[in-house]
>>> print(open('final-v5.pdb').read())   # PDB, C-alpha atoms
ATOM      1  CA  MET L   1       8.769  10.920 -37.925  1.00  0.00           C
ATOM      2  CA  GLU L   2       6.942   7.821 -36.698  1.00  0.00           C
ATOM      3  CA  LEU L   3       6.288   7.415 -32.974  1.00  0.00           C
ATOM      4  CA  MET L   4       8.586   4.402 -32.596  1.00  0.00           C
ATOM      5  CA  ASP L   5      11.417   6.343 -34.267  1.00  0.00           C
ATOM      6  CA  LEU L   6      10.854   9.161 -31.761  1.00  0.00           C
ATOM      7  CA  LEU L   7      10.772   6.737 -28.859  1.00  0.00           C
ATOM      8  CA  LYS L   8      13.985   5.072 -29.997  1.00  0.00           C
ATOM      9  CA  MET L   9      15.610   8.507 -30.292  1.00  0.00           C
ATOM     10  CA  GLY L  10      14.484   9.260 -26.732  1.00  0.00           C
ATOM     11  CA  ALA L  11      15.648   5.833 -25.591  1.00  0.00           C
ATOM     12  CA  SER L  12      19.104   6.461 -27.072  1.00  0.00           C
ATOM     13  CA  MET L  13      19.248   9.779 -25.225  1.00  0.00           C
ATOM     14  CA  ILE L  14      18.366   8.047 -21.951  1.00  0.00           C
ATOM     15  CA  GLU L  15      20.864   5.235 -22.502  1.00  0.00           C
ATOM     16  CA  GLY L  16      23.590   7.732 -23.364  1.00  0.00           C
ATOM     17  CA  ASN L  17      22.960  10.290 -20.621  1.00  0.00           C
ATOM     18  CA  SER L  18      25.346  10.928 -17.743  1.00  0.00           C
ATOM     19  CA  ASP L  19      23.498   8.675 -15.256  1.00  0.00           C
ATOM     20  CA  ASN L  20      25.387   5.416 -14.760  1.00  0.00           C
ATOM     21  CA  ALA L  21      22.082   3.693 -13.934  1.00  0.00           C
ATOM     22  CA  THR L  22      20.865   4.104 -17.516  1.00  0.00           C
ATOM     23  CA  THR L  23      24.138   3.318 -19.281  1.00  0.00           C
ATOM     24  CA  GLY L  24      23.982  -0.063 -20.941  1.00  0.00           C
ATOM     25  CA  LEU L  25      20.200  -0.418 -20.823  1.00  0.00           C
ATOM     26  CA  ASN L  26      18.702  -1.952 -23.941  1.00  0.00           C
ATOM     27  CA  VAL L  27      17.414   0.845 -26.213  1.00  0.00           C
ATOM     28  CA  ASP L  28      14.474  -1.289 -27.373  1.00  0.00           C
ATOM     29  CA  ASP L  29      13.468  -1.921 -23.747  1.00  0.00           C
ATOM     30  CA  ILE L  30      13.623   1.808 -23.006  1.00  0.00           C
ATOM     31  CA  ALA L  31      11.578   2.589 -26.141  1.00  0.00           C
ATOM     32  CA  THR L  32       8.947   0.042 -25.074  1.00  0.00           C
ATOM     33  CA  ALA L  33       8.754   1.567 -21.589  1.00  0.00           C
ATOM     34  CA  LEU L  34       8.472   5.071 -23.073  1.00  0.00           C
ATOM     35  CA  ASN L  35       5.730   3.859 -25.402  1.00  0.00           C
ATOM     36  CA  GLU L  36       3.724   2.520 -22.463  1.00  0.00           C
ATOM     37  CA  LEU L  37       4.268   5.791 -20.609  1.00  0.00           C
ATOM     38  CA  ILE L  38       3.398   8.410 -23.236  1.00  0.00           C
ATOM     39  CA  SER L  39       1.559   6.762 -26.134  1.00  0.00           C
ATOM     40  CA  ASN L  40      -2.168   6.935 -26.730  1.00  0.00           C
ATOM     41  CA  GLY L  41      -2.462   3.207 -27.422  1.00  0.00           C
ATOM     42  CA  GLU L  42      -3.275   3.885 -31.077  1.00  0.00           C
ATOM     43  CA  GLY L  43       0.256   4.351 -32.386  1.00  0.00           C
ATOM     44  CA  GLY L  44       0.507   8.018 -31.487  1.00  0.00           C
ATOM     45  CA  LEU L  45       1.867  10.267 -28.790  1.00  0.00           C
ATOM     46  CA  ASP L  46      -0.698  11.119 -26.108  1.00  0.00           C
ATOM     47  CA  LEU L  47      -0.244  14.868 -26.505  1.00  0.00           C
ATOM     48  CA  ALA L  48      -3.705  15.598 -25.152  1.00  0.00           C
ATOM     49  CA  SER L  49      -2.847  14.082 -21.766  1.00  0.00           C
ATOM     50  CA  LEU L  50       0.537  15.781 -21.696  1.00  0.00           C
ATOM     51  CA  VAL L  51      -0.899  19.185 -22.568  1.00  0.00           C
ATOM     52  CA  SER L  52      -3.789  18.719 -20.154  1.00  0.00           C
ATOM     53  CA  GLY L  53      -1.436  17.627 -17.372  1.00  0.00           C
ATOM     54  CA  LEU L  54       0.785  20.606 -17.893  1.00  0.00           C
ATOM     55  CA  SER L  55      -2.047  23.101 -17.986  1.00  0.00           C
ATOM     56  CA  GLN L  56      -3.669  21.566 -14.896  1.00  0.00           C
ATOM     57  CA  ASN L  57      -0.401  21.889 -13.003  1.00  0.00           C
ATOM     58  CA  GLY L  58       0.329  25.449 -14.115  1.00  0.00           C
ATOM     59  CA  LEU L  59       3.029  24.331 -16.522  1.00  0.00           C
ATOM     60  CA  GLY L  60       1.400  25.537 -19.753  1.00  0.00           C
ATOM     61  CA  GLU L  61       4.292  27.807 -20.713  1.00  0.00           C
ATOM     62  CA  ILE L  62       6.641  24.858 -20.602  1.00  0.00           C
ATOM     63  CA  VAL L  63       4.569  22.713 -22.951  1.00  0.00           C
ATOM     64  CA  GLY L  64       4.071  25.715 -25.221  1.00  0.00           C
ATOM     65  CA  SER L  65       7.815  25.918 -25.661  1.00  0.00           C
ATOM     66  CA  TRP L  66       7.936  22.230 -26.606  1.00  0.00           C
ATOM     67  CA  LEU L  67       5.186  22.666 -29.183  1.00  0.00           C
ATOM     68  CA  GLY L  68       6.447  25.914 -30.660  1.00  0.00           C
ATOM     69  CA  ASN L  69       9.523  26.849 -32.578  1.00  0.00           C
ATOM     70  CA  GLY L  70      12.517  27.928 -30.563  1.00  0.00           C
ATOM     71  CA  GLU L  71      14.191  26.667 -27.434  1.00  0.00           C
ATOM     72  CA  ASN L  72      12.449  24.073 -25.284  1.00  0.00           C
ATOM     73  CA  ARG L  73      12.020  25.068 -21.669  1.00  0.00           C
ATOM     74  CA  SER L  74      13.211  22.478 -19.189  1.00  0.00           C
ATOM     75  CA  ILE L  75      11.016  20.629 -16.741  1.00  0.00           C
ATOM     76  CA  SER L  76      12.152  19.665 -13.253  1.00  0.00           C
ATOM     77  CA  MET L  77      11.961  16.195 -11.761  1.00  0.00           C
ATOM     78  CA  ASP L  78       9.141  17.369  -9.452  1.00  0.00           C
ATOM     79  CA  GLN L  79       7.238  18.785 -12.419  1.00  0.00           C
ATOM     80  CA  ILE L  80       7.701  15.549 -14.389  1.00  0.00           C
ATOM     81  CA  THR L  81       6.048  13.770 -11.445  1.00  0.00           C
ATOM     82  CA  ASP L  82       3.176  16.281 -11.493  1.00  0.00           C
ATOM     83  CA  LEU L  83       2.810  15.745 -15.234  1.00  0.00           C
ATOM     84  CA  LEU L  84       2.985  11.969 -15.480  1.00  0.00           C
ATOM     85  CA  SER L  85       2.093  10.844 -11.914  1.00  0.00           C
ATOM     86  CA  SER L  86       4.317   9.063  -9.466  1.00  0.00           C
ATOM     87  CA  LYS L  87       2.503   5.783 -10.235  1.00  0.00           C
ATOM     88  CA  LYS L  88       3.427   5.911 -13.939  1.00  0.00           C
ATOM     89  CA  ILE L  89       7.004   6.951 -13.180  1.00  0.00           C
ATOM     90  CA  SER L  90       7.329   4.122 -10.675  1.00  0.00           C
ATOM     91  CA  ALA L  91       6.081   1.629 -13.291  1.00  0.00           C
ATOM     92  CA  PHE L  92       8.521   3.050 -15.880  1.00  0.00           C
ATOM     93  CA  ALA L  93      11.415   2.805 -13.400  1.00  0.00           C
ATOM     94  CA  SER L  94      10.463  -0.717 -12.360  1.00  0.00           C
ATOM     95  CA  GLN L  95      10.167  -1.890 -15.957  1.00  0.00           C
ATOM     96  CA  LEU L  96      13.753  -0.778 -16.599  1.00  0.00           C
ATOM     97  CA  GLY L  97      15.210  -1.689 -13.215  1.00  0.00           C
ATOM     98  CA  LEU L  98      15.928   1.960 -12.383  1.00  0.00           C
ATOM     99  CA  GLY L  99      15.518   3.981  -9.245  1.00  0.00           C
ATOM    100  CA  GLU L 100      12.741   6.538  -9.422  1.00  0.00           C
ATOM    101  CA  GLU L 101      15.186   9.466  -9.252  1.00  0.00           C
ATOM    102  CA  SER L 102      17.050   8.162 -12.304  1.00  0.00           C
ATOM    103  CA  ALA L 103      13.761   7.618 -14.136  1.00  0.00           C
ATOM    104  CA  LYS L 104      12.524  11.147 -13.341  1.00  0.00           C
ATOM    105  CA  ALA L 105      15.827  12.717 -14.385  1.00  0.00           C
ATOM    106  CA  ALA L 106      15.857  10.773 -17.659  1.00  0.00           C
ATOM    107  CA  LEU L 107      12.260  11.672 -18.462  1.00  0.00           C
ATOM    108  CA  ALA L 108      12.782  15.343 -17.615  1.00  0.00           C
ATOM    109  CA  GLU L 109      15.680  15.407 -20.060  1.00  0.00           C
ATOM    110  CA  VAL L 110      14.055  13.463 -22.899  1.00  0.00           C
ATOM    111  CA  LEU L 111      10.374  14.379 -22.875  1.00  0.00           C
ATOM    112  CA  PRO L 112      10.785  17.969 -24.133  1.00  0.00           C
ATOM    113  CA  GLU L 113      12.863  16.759 -27.079  1.00  0.00           C
ATOM    114  CA  VAL L 114      10.463  13.936 -27.996  1.00  0.00           C
ATOM    115  CA  VAL L 115       7.417  16.236 -27.905  1.00  0.00           C
ATOM    116  CA  ASP L 116       9.283  18.931 -29.827  1.00  0.00           C
ATOM    117  CA  ARG L 117      10.296  16.540 -32.593  1.00  0.00           C
ATOM    118  CA  ALA L 118       6.833  14.996 -32.700  1.00  0.00           C
ATOM    119  CA  THR L 119       5.310  18.396 -33.363  1.00  0.00           C
ATOM    120  CA  SER L 120       7.879  20.102 -35.617  1.00  0.00           C
ATOM    121  CA  GLY L 121       7.845  20.137 -39.406  1.00  0.00           C
ATOM    122  CA  GLU L 122       5.619  18.548 -42.025  1.00  0.00           C
ATOM    123  CA  GLY L 123       4.410  14.975 -41.843  1.00  0.00           C
ATOM    124  CA  THR L 124       4.691  14.873 -38.061  1.00  0.00           C
ATOM    125  CA  ILE L 125       2.461  13.421 -35.419  1.00  0.00           C
ATOM    126  CA  MET L 126       1.101  16.950 -34.995  1.00  0.00           C
ATOM    127  CA  ASP L 127      -0.054  17.034 -38.641  1.00  0.00           C
ATOM    128  CA  GLU L 128      -1.854  13.744 -38.080  1.00  0.00           C
ATOM    129  CA  MET L 129      -3.402  15.019 -34.849  1.00  0.00           C
ATOM    130  CA  LEU L 130      -4.536  18.242 -36.527  1.00  0.00           C
ATOM    131  CA  ALA L 131      -6.226  16.254 -39.267  1.00  0.00           C
ATOM    132  CA  ARG L 132      -8.119  14.216 -36.648  1.00  0.00           C
ATOM    133  CA  THR L 133      -9.295  17.311 -34.739  1.00  0.00           C
ATOM    134  CA  GLY L 134     -10.601  19.200 -37.758  1.00  0.00           C
ATOM    135  CA  GLY L 135      -7.537  21.219 -38.672  1.00  0.00           C
ATOM    136  CA  PRO L 136      -5.476  23.973 -37.050  1.00  0.00           C
ATOM    137  CA  GLY L 137      -8.449  26.193 -36.176  1.00  0.00           C
ATOM    138  CA  ALA L 138     -10.243  23.460 -34.234  1.00  0.00           C
ATOM    139  CA  ALA L 139      -7.011  22.481 -32.475  1.00  0.00           C
ATOM    140  CA  MET L 140      -6.364  26.087 -31.437  1.00  0.00           C
ATOM    141  CA  ASP L 141      -9.916  26.333 -30.072  1.00  0.00           C
ATOM    142  CA  MET L 142      -9.316  23.162 -28.071  1.00  0.00           C
ATOM    143  CA  LEU L 143      -5.983  24.427 -26.716  1.00  0.00           C
ATOM    144  CA  GLY L 144      -7.525  27.794 -25.890  1.00  0.00           C
ATOM    145  CA  LYS L 145     -10.133  26.094 -23.737  1.00  0.00           C
ATOM    146  CA  MET L 146      -7.451  24.062 -21.941  1.00  0.00           C
ATOM    147  CA  PHE L 147      -5.399  27.107 -20.972  1.00  0.00           C
ATOM    148  CA  ARG L 148      -8.279  29.276 -19.689  1.00  0.00           C
TER     149      ARG L 148
END
>>> encode(input="final-v5.pdb", output="C-alpha cells")
Amino acid sequence: MELMDLLKMGASMIEGNSDNATTGLNVDDIATALNELISNGEGGLDLASLVSGLSQNGLGEIVGSWLGNGENRSISMDQITDLLSSKKISAFASQLGLGEESAKAALAEVLPEVVDRATSGEGTIMDEMLARTGGPGAAMDMLGKMFR
C-alpha cells in the first residue's frame, strides 16, 4: 500500500472518530497534515524516527506490537506526545484547526493502525525499507542496536 493511501485511510479514521472536533474535516487536509507529521520527506513513512522515539521513551514493546503480527498495543495521549513531540503535535493541530487534546487523541488512535498496515504483508513500505537497509538481517541488526 502506498504511503498516501495509508495516510488517507488514517485521515478517514480521524474524520470518522467520535470526536466532534474532527467530524467534517477534509480528509485530504488531514492526510496532508499526517504526511507532514510522519513522512520521511522521500515518499515513505519515517519508521526510523518512530521506532527510535519509542525506544528512547521506553515504549519499544508498543512499537513492536505495531510492527509484528497480532494485536496492536495502544498508545496514550501522553505517550504520543513523548513520541512525536509537543511542537509537532501543536503544528498538526494548528494545521487542522483542532485543539491539541483532539489532535493527540486522534493520533493515538490512528498511528498504530497506519504503522501496522505499512509494515504488514508483501509489497509494503516495510519491504521497500528492508531493501534499502540491506535486507531483513541488516534491519534486525539495526533494530537490535536501538533496543539495547
>>> resolve_selection(input="final-v5.pdb", expression="the PyMOL selection byres ((chain L and resi 102-108) around 9)", output="compact mmCIF listing (two decimals) with C-alpha atoms, keeping the file's coordinate frame")
# COMPACT_ATOMS: atom_id res chain seq x y z
CA GLY L 10 14.48 9.26 -26.73
CA MET L 13 19.25 9.78 -25.22
CA ILE L 14 18.37 8.05 -21.95
CA GLU L 15 20.86 5.24 -22.50
CA ASN L 17 22.96 10.29 -20.62
CA ASP L 19 23.50 8.68 -15.26
CA ALA L 21 22.08 3.69 -13.93
CA THR L 22 20.86 4.10 -17.52
CA LEU L 34 8.47 5.07 -23.07
CA SER L 74 13.21 22.48 -19.19
CA ILE L 75 11.02 20.63 -16.74
CA SER L 76 12.15 19.66 -13.25
CA MET L 77 11.96 16.20 -11.76
CA ASP L 78 9.14 17.37 -9.45
CA GLN L 79 7.24 18.78 -12.42
CA ILE L 80 7.70 15.55 -14.39
CA THR L 81 6.05 13.77 -11.44
CA ILE L 89 7.00 6.95 -13.18
CA SER L 90 7.33 4.12 -10.68
CA PHE L 92 8.52 3.05 -15.88
CA ALA L 93 11.42 2.80 -13.40
CA LEU L 96 13.75 -0.78 -16.60
CA LEU L 98 15.93 1.96 -12.38
CA GLY L 99 15.52 3.98 -9.24
CA GLU L 100 12.74 6.54 -9.42
CA GLU L 101 15.19 9.47 -9.25
CA GLU L 109 15.68 15.41 -20.06
CA VAL L 110 14.06 13.46 -22.90
CA LEU L 111 10.37 14.38 -22.88
CA PRO L 112 10.78 17.97 -24.13
>>> atom_distance(input="final-v5.pdb", atom1="CA of Leu59 in chain L", atom2="CA of Leu37 in chain L")
19.0 Å
>>> atom_distance(input="final-v5.pdb", atom1="CA of Ala33 in chain L", atom2="CA of Val114 in chain L")
14.0 Å
>>> atom_distance(input="final-v5.pdb", atom1="CA of Asp29 in chain L", atom2="CA of Ser94 in chain L")
11.8 Å
>>> closest_residue(input="final-v5.pdb", among="L:Ser85, L:Ser39, L:Thr119, L:Ser12", to="Asn26 in chain L", atoms="all atoms listed in the file")
L:Ser12
>>> closest_residue(input="final-v5.pdb", among="L:Glu42, L:Gly16, L:Asp116, L:Asp5", to="Gly70 in chain L", atoms="all atoms listed in the file")
L:Asp116
>>> closest_residue(input="final-v5.pdb", among="L:Gly58, L:Ala11, L:Glu113, L:Ala48", to="Glu71 in chain L", atoms="all atoms listed in the file")
L:Glu113
>>> closest_residue(input="final-v5.pdb", among="L:Val115, L:Leu3, L:Met9, L:Ile30", to="Trp66 in chain L", atoms="all atoms listed in the file")
L:Val115
>>> closest_residue(input="final-v5.pdb", among="L:Leu7, L:Ala118, L:Leu67, L:Leu83", to="Glu36 in chain L", atoms="all atoms listed in the file")
L:Leu7
